[in-house]
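File shown: work-v9.pdb. Contents: PDB, C-alpha atoms.
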ATOM      1  CA  MET A1225      25.080 -13.312  -5.639
ATOM      2  CA  LYS A1226      23.352 -14.446  -2.471
ATOM      3  CA  TYR A1227      21.172 -11.316  -2.574
ATOM      4  CA  LEU A1228      20.261 -11.957  -6.224
ATOM      5  CA  ILE A1229      19.197 -15.529  -5.391
ATOM      6  CA  LYS A1230      16.995 -14.195  -2.582
ATOM      7  CA  ILE A1231      15.360 -11.707  -4.977
ATOM      8  CA  VAL A1232      14.754 -14.396  -7.625
ATOM      9  CA  PHE A1233      13.237 -16.724  -5.016
ATOM     10  CA  THR A1234      10.997 -13.922  -3.746
ATOM     11  CA  VAL A1235       9.857 -13.061  -7.277
ATOM     12  CA  LEU A1236       8.978 -16.702  -7.892
ATOM     13  CA  SER A1237       7.099 -16.903  -4.594
ATOM     14  CA  LEU A1238       5.162 -13.728  -5.315
ATOM     15  CA  SER A1239       4.441 -14.914  -8.863
ATOM     16  CA  THR A1240       2.897 -18.086  -7.472
ATOM     17  CA  PHE A1241       0.778 -16.021  -5.091
ATOM     18  CA  HIS A1242      -0.146 -13.670  -7.939
ATOM     19  CA  ILE A1243      -1.329 -16.538 -10.168
ATOM     20  CA  ALA A1244      -3.407 -17.996  -7.347
ATOM     21  CA  ALA A1245      -4.979 -14.591  -6.655
ATOM     22  CA  GLN A1246      -5.833 -14.140 -10.337
ATOM     23  CA  LEU A1247      -7.436 -17.557 -10.562
ATOM     24  CA  SER A1248      -9.461 -17.068  -7.388
ATOM     25  CA  SER A1249     -11.195 -13.931  -8.639
ATOM     26  CA  GLN A1250     -11.337 -12.944 -12.279
ATOM     27  CA  GLU A1251     -14.100 -10.483 -11.437
ATOM     28  CA  GLY A1252     -11.846  -8.630  -8.956
ATOM     29  CA  ARG A1253     -10.017  -6.962 -11.820
ATOM     30  CA  GLN A1254     -13.286  -5.375 -12.898
ATOM     31  CA  LYS A1255     -13.752  -3.647  -9.535
ATOM     32  CA  SER A1256     -12.234  -0.357  -8.564
ATOM     33  CA  ILE A1257      -9.940   0.135  -5.596
ATOM     34  CA  VAL A1258     -12.845   1.608  -3.625
ATOM     35  CA  HIS A1259     -15.200  -1.274  -4.429
ATOM     36  CA  LYS A1260     -12.557  -3.845  -3.461
ATOM     37  CA  THR A1261     -11.841  -1.995  -0.217
ATOM     38  CA  ALA A1262     -15.567  -1.832   0.559
ATOM     39  CA  SER A1263     -15.943  -5.582   0.056
ATOM     40  CA  SER A1264     -12.937  -6.424   2.244
ATOM     41  CA  GLU A1265     -13.564  -7.370   5.854
ATOM     42  CA  ASN A1266     -10.019  -6.240   6.759
ATOM     43  CA  HIS A1267     -10.176  -2.686   5.380
ATOM     44  CA  GLN A1268     -13.256  -0.992   6.796
ATOM     45  CA  THR A1269     -11.181   1.679   8.553
ATOM     46  CA  LEU A1270      -9.341   2.400   5.304
ATOM     47  CA  LEU A1271     -12.696   2.732   3.541
ATOM     48  CA  ALA A1272     -13.853   5.199   6.220
ATOM     49  CA  VAL A1273     -10.630   7.199   5.732
ATOM     50  CA  ILE A1274     -11.157   7.263   1.953
ATOM     51  CA  LYS A1275     -14.689   8.576   2.436
ATOM     52  CA  ALA A1276     -13.742  11.100   5.163
ATOM     53  CA  THR A1277     -11.032  12.625   2.953
ATOM     54  CA  ASP A1278     -13.336  12.968  -0.055
ATOM     55  CA  LEU A1279     -11.084  10.731  -2.181
ATOM     56  CA  GLU A1280     -13.744   8.095  -2.808
ATOM     57  CA  LYS A1281     -14.652   9.307  -6.301
ATOM     58  CA  LEU A1282     -11.005   9.699  -7.336
ATOM     59  CA  LEU A1283     -10.053   6.195  -6.154
ATOM     60  CA  ASP A1284     -13.174   4.783  -7.765
ATOM     61  CA  GLU A1285     -12.717   6.292 -11.213
ATOM     62  CA  ALA A1286      -9.160   7.545 -11.793
ATOM     63  CA  GLY A1287      -5.901   5.684 -11.816
ATOM     64  CA  PRO A1288      -3.838   3.735 -12.020
ATOM     65  CA  PHE A1289      -2.784   3.868  -8.381
ATOM     66  CA  THR A1290      -0.855   1.586  -6.082
ATOM     67  CA  ILE A1291      -2.380   1.500  -2.615
ATOM     68  CA  PHE A1292      -0.393   0.238   0.353
ATOM     69  CA  ALA A1293      -3.499  -0.614   2.357
ATOM     70  CA  PRO A1294      -3.190  -0.862   6.134
ATOM     71  CA  SER A1295      -5.508  -3.462   7.613
ATOM     72  CA  ASP A1296      -8.007  -2.563  10.331
ATOM     73  CA  LEU A1297      -5.614  -4.123  12.867
ATOM     74  CA  ALA A1298      -2.826  -1.858  11.589
ATOM     75  CA  PHE A1299      -5.024   1.199  12.182
ATOM     76  CA  ASP A1300      -5.890  -0.105  15.672
ATOM     77  CA  ASN A1301      -2.161  -0.202  16.481
ATOM     78  CA  LEU A1302      -1.473   3.328  15.193
ATOM     79  CA  SER A1303       0.719   5.225  17.621
ATOM     80  CA  GLY A1304       0.221   8.882  18.419
ATOM     81  CA  LYS A1305      -3.272  10.134  17.636
ATOM     82  CA  SER A1306      -6.038   7.586  17.614
ATOM     83  CA  VAL A1307      -7.876   6.947  14.388
ATOM     84  CA  GLN A1308     -10.981   8.452  15.979
ATOM     85  CA  ASP A1309      -9.028  11.667  16.660
ATOM     86  CA  LEU A1310      -8.002  11.760  12.991
ATOM     87  CA  PHE A1311     -11.669  11.606  11.960
ATOM     88  CA  ASP A1312     -12.299  14.894  13.782
ATOM     89  CA  PRO A1313     -13.109  17.504  11.091
ATOM     90  CA  GLU A1314     -10.262  19.676  12.426
ATOM     91  CA  ASN A1315      -7.826  16.895  11.433
ATOM     92  CA  LYS A1316      -9.154  16.312   7.915
ATOM     93  CA  GLN A1317      -5.930  17.511   6.218
ATOM     94  CA  GLU A1318      -3.807  15.334   8.500
ATOM     95  CA  LEU A1319      -6.013  12.341   7.672
ATOM     96  CA  LYS A1320      -5.752  13.134   3.953
ATOM     97  CA  ASP A1321      -1.951  13.394   4.245
ATOM     98  CA  LEU A1322      -1.917  10.016   5.982
ATOM     99  CA  LEU A1323      -4.023   8.392   3.260
ATOM    100  CA  THR A1324      -2.176   9.927   0.321
ATOM    101  CA  TYR A1325       1.112   8.785   1.868
ATOM    102  CA  HIS A1326      -0.100   5.216   1.259
ATOM    103  CA  ILE A1327      -0.739   5.869  -2.455
ATOM    104  CA  VAL A1328       1.753   5.878  -5.326
ATOM    105  CA  ALA A1329       0.718   6.907  -8.838
ATOM    106  CA  GLY A1330       0.914   4.011 -11.316
ATOM    107  CA  ASN A1331       0.789   0.235 -11.130
ATOM    108  CA  LEU A1332       3.565  -1.021  -8.849
ATOM    109  CA  SER A1333       3.270  -4.776  -8.750
ATOM    110  CA  ALA A1334       5.449  -6.649  -6.265
ATOM    111  CA  SER A1335       7.702  -7.721  -9.121
ATOM    112  CA  LYS A1336       8.168  -4.085 -10.201
ATOM    113  CA  ILE A1337       9.076  -3.158  -6.631
ATOM    114  CA  LEU A1338      11.585  -6.036  -6.522
ATOM    115  CA  LYS A1339      13.088  -5.015  -9.872
ATOM    116  CA  ALA A1340      13.526  -1.452  -8.616
ATOM    117  CA  MET A1341      15.232  -2.820  -5.509
ATOM    118  CA  CYS A1342      17.590  -4.877  -7.687
ATOM    119  CA  ARG A1343      18.522  -1.743  -9.649
ATOM    120  CA  GLY A1344      18.992   0.102  -6.345
ATOM    121  CA  GLU A1345      21.221  -2.608  -4.840
ATOM    122  CA  GLY A1346      18.584  -3.755  -2.362
ATOM    123  CA  LYS A1347      16.713  -0.490  -1.873
ATOM    124  CA  ALA A1348      14.105   1.447  -3.860
ATOM    125  CA  THR A1349      12.431   4.756  -3.108
ATOM    126  CA  PHE A1350       8.970   5.683  -4.347
ATOM    127  CA  THR A1351       7.337   9.101  -4.154
ATOM    128  CA  THR A1352       3.806   9.010  -2.798
ATOM    129  CA  VAL A1353       0.892  11.106  -3.989
ATOM    130  CA  ASN A1354       1.455  13.519  -1.092
ATOM    131  CA  GLY A1355       5.072  14.072  -2.184
ATOM    132  CA  ASP A1356       6.921  12.209   0.579
ATOM    133  CA  ASP A1357       9.032   9.121  -0.054
ATOM    134  CA  ILE A1358       8.607   5.477   0.946
ATOM    135  CA  THR A1359      11.649   3.202   0.871
ATOM    136  CA  ALA A1360      11.301  -0.490   0.004
ATOM    137  CA  THR A1361      13.827  -3.076   1.201
ATOM    138  CA  MET A1362      13.875  -6.811   1.813
ATOM    139  CA  LYS A1363      13.855  -8.638   5.132
ATOM    140  CA  GLY A1364      14.087 -12.342   4.452
ATOM    141  CA  LEU A1365      11.430 -12.919   1.805
ATOM    142  CA  ASP A1366       9.308  -9.919   2.784
ATOM    143  CA  ILE A1367       9.113  -6.501   1.181
ATOM    144  CA  ILE A1368       9.403  -3.879   3.909
ATOM    145  CA  LEU A1369       8.248  -0.272   3.449
ATOM    146  CA  THR A1370       9.875   2.378   5.630
ATOM    147  CA  ASP A1371       8.717   5.949   6.175
ATOM    148  CA  GLY A1372      10.884   8.999   6.865
ATOM    149  CA  PHE A1373      10.674   8.426  10.616
ATOM    150  CA  GLY A1374      11.959   4.850  10.452
ATOM    151  CA  ASN A1375       8.546   3.210  10.967
ATOM    152  CA  SER A1376       8.105   0.126   8.834
ATOM    153  CA  ALA A1377       5.330  -2.011   7.385
ATOM    154  CA  THR A1378       5.463  -5.422   5.748
ATOM    155  CA  ILE A1379       3.499  -6.232   2.601
ATOM    156  CA  ILE A1380       1.450  -9.220   3.755
ATOM    157  CA  VAL A1381      -0.821  -9.590   0.714
ATOM    158  CA  ALA A1382       0.567  -8.466  -2.639
ATOM    159  CA  ASP A1383      -0.805  -7.736  -6.097
ATOM    160  CA  VAL A1384      -4.563  -7.496  -5.605
ATOM    161  CA  LYS A1385      -5.212  -6.070  -9.059
ATOM    162  CA  GLN A1386      -8.170  -3.810  -9.754
ATOM    163  CA  ARG A1387      -9.275  -2.030 -12.905
ATOM    164  CA  ASN A1388      -7.678   1.215 -11.709
ATOM    165  CA  GLY A1389      -4.608  -0.052  -9.898
ATOM    166  CA  VAL A1390      -3.186  -2.537  -7.477
ATOM    167  CA  ILE A1391      -3.567  -3.022  -3.725
ATOM    168  CA  HIS A1392      -0.874  -4.359  -1.384
ATOM    169  CA  GLU A1393      -2.086  -5.029   2.157
ATOM    170  CA  ILE A1394       0.394  -3.910   4.817
ATOM    171  CA  ASP A1395       0.570  -4.743   8.506
ATOM    172  CA  SER A1396       1.275  -1.229   9.853
ATOM    173  CA  VAL A1397       0.388   2.362   9.170
ATOM    174  CA  ILE A1398       3.357   4.352   7.883
ATOM    175  CA  LEU A1399       3.516   8.078   8.532
ATOM    176  CA  PRO A1400       4.084  11.042   6.231
ATOM    177  CA  GLY A1401       6.527  13.650   7.316
ATOM    178  CA  ARG A1402       9.955  14.146   5.988
ATOM    179  CA  ASN A1403      11.429  12.888   2.729
ATOM    180  CA  GLN A1404      14.091  10.205   2.915
ATOM    181  CA  SER A1405      16.056  11.301  -0.143
TER     182      SER A1405
END
Rendering of file as structure tokens:
Amino acid sequence: MKYLIKIVFTVLSLSTFHIAAQLSSQEGRQKSIVHKTASSENHQTLLAVIKATDLEKLLDEAGPFTIFAPSDLAFDNLSGKSVQDLFDPENKQELKDLLTYHIVAGNLSASKILKAMCRGEGKATFTTVNGDDITATMKGLDIILTDGFGNSATIIVADVKQRNGVIHEIDSVILPGRNQS
């Protein structure tokens, strides 16, 4: 029961945020994911990754997609290879795998993620475009995404709706690798 109350409170909180986001920018829904990313001061590295992997046209025209968008700060804190190393043409497939691991086909609003977690008794797994899984759980009022290696990211801005999908800003880069199922 306590868990259900936490979920309901989180849904209400996210709904309030969602309404405020809709009111602040009616024109945002007319933009594509790429155009929104290009106009964001916090996602210039993500935009460079989209362009370097030749997915710009797809994310501009096709959809719907859900993008778990790491901020520039999240990319700066990436462990292992540096982002600059990933931009090396030899690492193009690795960079593409990294990007497509942050994309899920369809519109996954925060409320849909929460509903899936309710059905999964506090846990939901989503298959990314690259075929690996991301697991969503709750920590307090936050939705946490965990990759197959145990790395996690928090959704810090939810439900930025675009004409071809939805963007959720996350505070860390999660890594493709092994499925969690």
Contact check, stretch 1270-1367 of chain A to stretch 1383-1391 of chain A, at most 9 Å, counting all atoms listed in the file, closest pairs as a Markdown table:
| residue | atom | partner | partner_atom | distance |
| --- | --- | --- | --- | --- |
| A:Leu1283 | CA | A:Asn1388 | CA | 7.8 |
| A:Asp1284 | CA | A:Asn1388 | CA | 7.6 |
| A:Glu1285 | CA | A:Asn1388 | CA | 7.2 |
| A:Ala1286 | CA | A:Asn1388 | CA | 6.5 |
| A:Gly1287 | CA | A:Asn1388 | CA | 4.8 |
| A:Pro1288 | CA | A:Gly1389 | CA | 4.4 |
| A:Phe1289 | CA | A:Gly1389 | CA | 4.6 |
| A:Thr1290 | CA | A:Val1390 | CA | 4.9 |
| A:Ile1291 | CA | A:Ile1391 | CA | 4.8 |
| A:Phe1292 | CA | A:Ile1391 | CA | 6.1 |
| A:Ala1293 | CA | A:Ile1391 | CA | 6.5 |
| A:Ala1329 | CA | A:Gly1389 | CA | 8.8 |
| A:Gly1330 | CA | A:Gly1389 | CA | 7.0 |
| A:Asn1331 | CA | A:Gly1389 | CA | 5.5 |
| A:Leu1332 | CA | A:Val1390 | CA | 7.1 |
| A:Ser1333 | CA | A:Asp1383 | CA | 5.7 |
| A:Ala1334 | CA | A:Asp1383 | CA | 6.3 |
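Among A:Leu1302, A:Ile1380, A:Leu1399, A:Leu1271, the residue with the shortest atom-to-atom distance to A:Asp1357, counting all atoms listed in the file, is A:Leu1399.
Atom CA of A:Lys1316 lies 9.6 Å from atom CA of A:Asp1278.
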Item to check | Computed interatomic separation between atom CA of A:Leu1323 and atom CA of A:Gly1364 (Å) | outcome: 27.6 Å
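The gap separating atom CA of A:Ser1263 from atom CA of A:His1326 is 19.2 Å, in Å to one decimal.
Checking A:Gln1268, A:Asn1354, A:His1392, A:Ser1256 one by one against A:Gln1317, counting all atoms listed in the file, you find the shortest gap at A:Asn1354.
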Next on the checklist: Env of A:Ile1367: 10 Å cut, atoms = all atoms listed in the file, seq-sep filter 2 positions within chain, self excluded. Answer as a list in words.
Outcome noted: Thr1234, Ala1334, Ile1337, Leu1338, Met1341, Ala1360, Thr1361, Met1362, Lys1363, Gly1364, Leu1365, Leu1369, Thr1370, Ala1377, Thr1378, Ile1379, Ile1380, Ala1382 and Ile1394 of chain A
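For A:Ile1358, the list of residues within 10 Å, based on only C-alpha atoms and with local chain neighbours fewer than 4 positions off taken out, reads A:Tyr1325, A:His1326, A:Ile1327, A:Val1328, A:Ala1348, A:Thr1349, A:Phe1350, A:Thr1351, A:Thr1352, A:Ile1368, A:Leu1369, A:Thr1370, A:Asp1371, A:Gly1372, A:Ser1376, A:Ile1398, A:Leu1399, A:Pro1400, A:Asn1403, A:Gln1404, A:Ser1405.
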Starting from the displayed file, determine the output of the PyMOL selection byres ((chain A and resi 1307) around 12) and express the residue list as a tab-separated table (two decimals) with C-alpha atoms, keeping the file's coordinate frame.
chain	number	residue	atom	x	y	z
A	1269	THR	CA	-11.18	1.68	8.55
A	1270	LEU	CA	-9.34	2.40	5.30
A	1272	ALA	CA	-13.85	5.20	6.22
A	1273	VAL	CA	-10.63	7.20	5.73
A	1276	ALA	CA	-13.74	11.10	5.16
A	1296	ASP	CA	-8.01	-2.56	10.33
A	1297	LEU	CA	-5.61	-4.12	12.87
A	1298	ALA	CA	-2.83	-1.86	11.59
A	1299	PHE	CA	-5.02	1.20	12.18
A	1300	ASP	CA	-5.89	-0.10	15.67
A	1301	ASN	CA	-2.16	-0.20	16.48
A	1302	LEU	CA	-1.47	3.33	15.19
A	1303	SER	CA	0.72	5.22	17.62
A	1304	GLY	CA	0.22	8.88	18.42
A	1305	LYS	CA	-3.27	10.13	17.64
A	1306	SER	CA	-6.04	7.59	17.61
A	1308	GLN	CA	-10.98	8.45	15.98
A	1309	ASP	CA	-9.03	11.67	16.66
A	1310	LEU	CA	-8.00	11.76	12.99
A	1311	PHE	CA	-11.67	11.61	11.96
A	1312	ASP	CA	-12.30	14.89	13.78
A	1315	ASN	CA	-7.83	16.90	11.43
A	1316	LYS	CA	-9.15	16.31	7.92
A	1318	GLU	CA	-3.81	15.33	8.50
A	1319	LEU	CA	-6.01	12.34	7.67
A	1322	LEU	CA	-1.92	10.02	5.98
A	1323	LEU	CA	-4.02	8.39	3.26
A	1397	VAL	CA	0.39	2.36	9.17
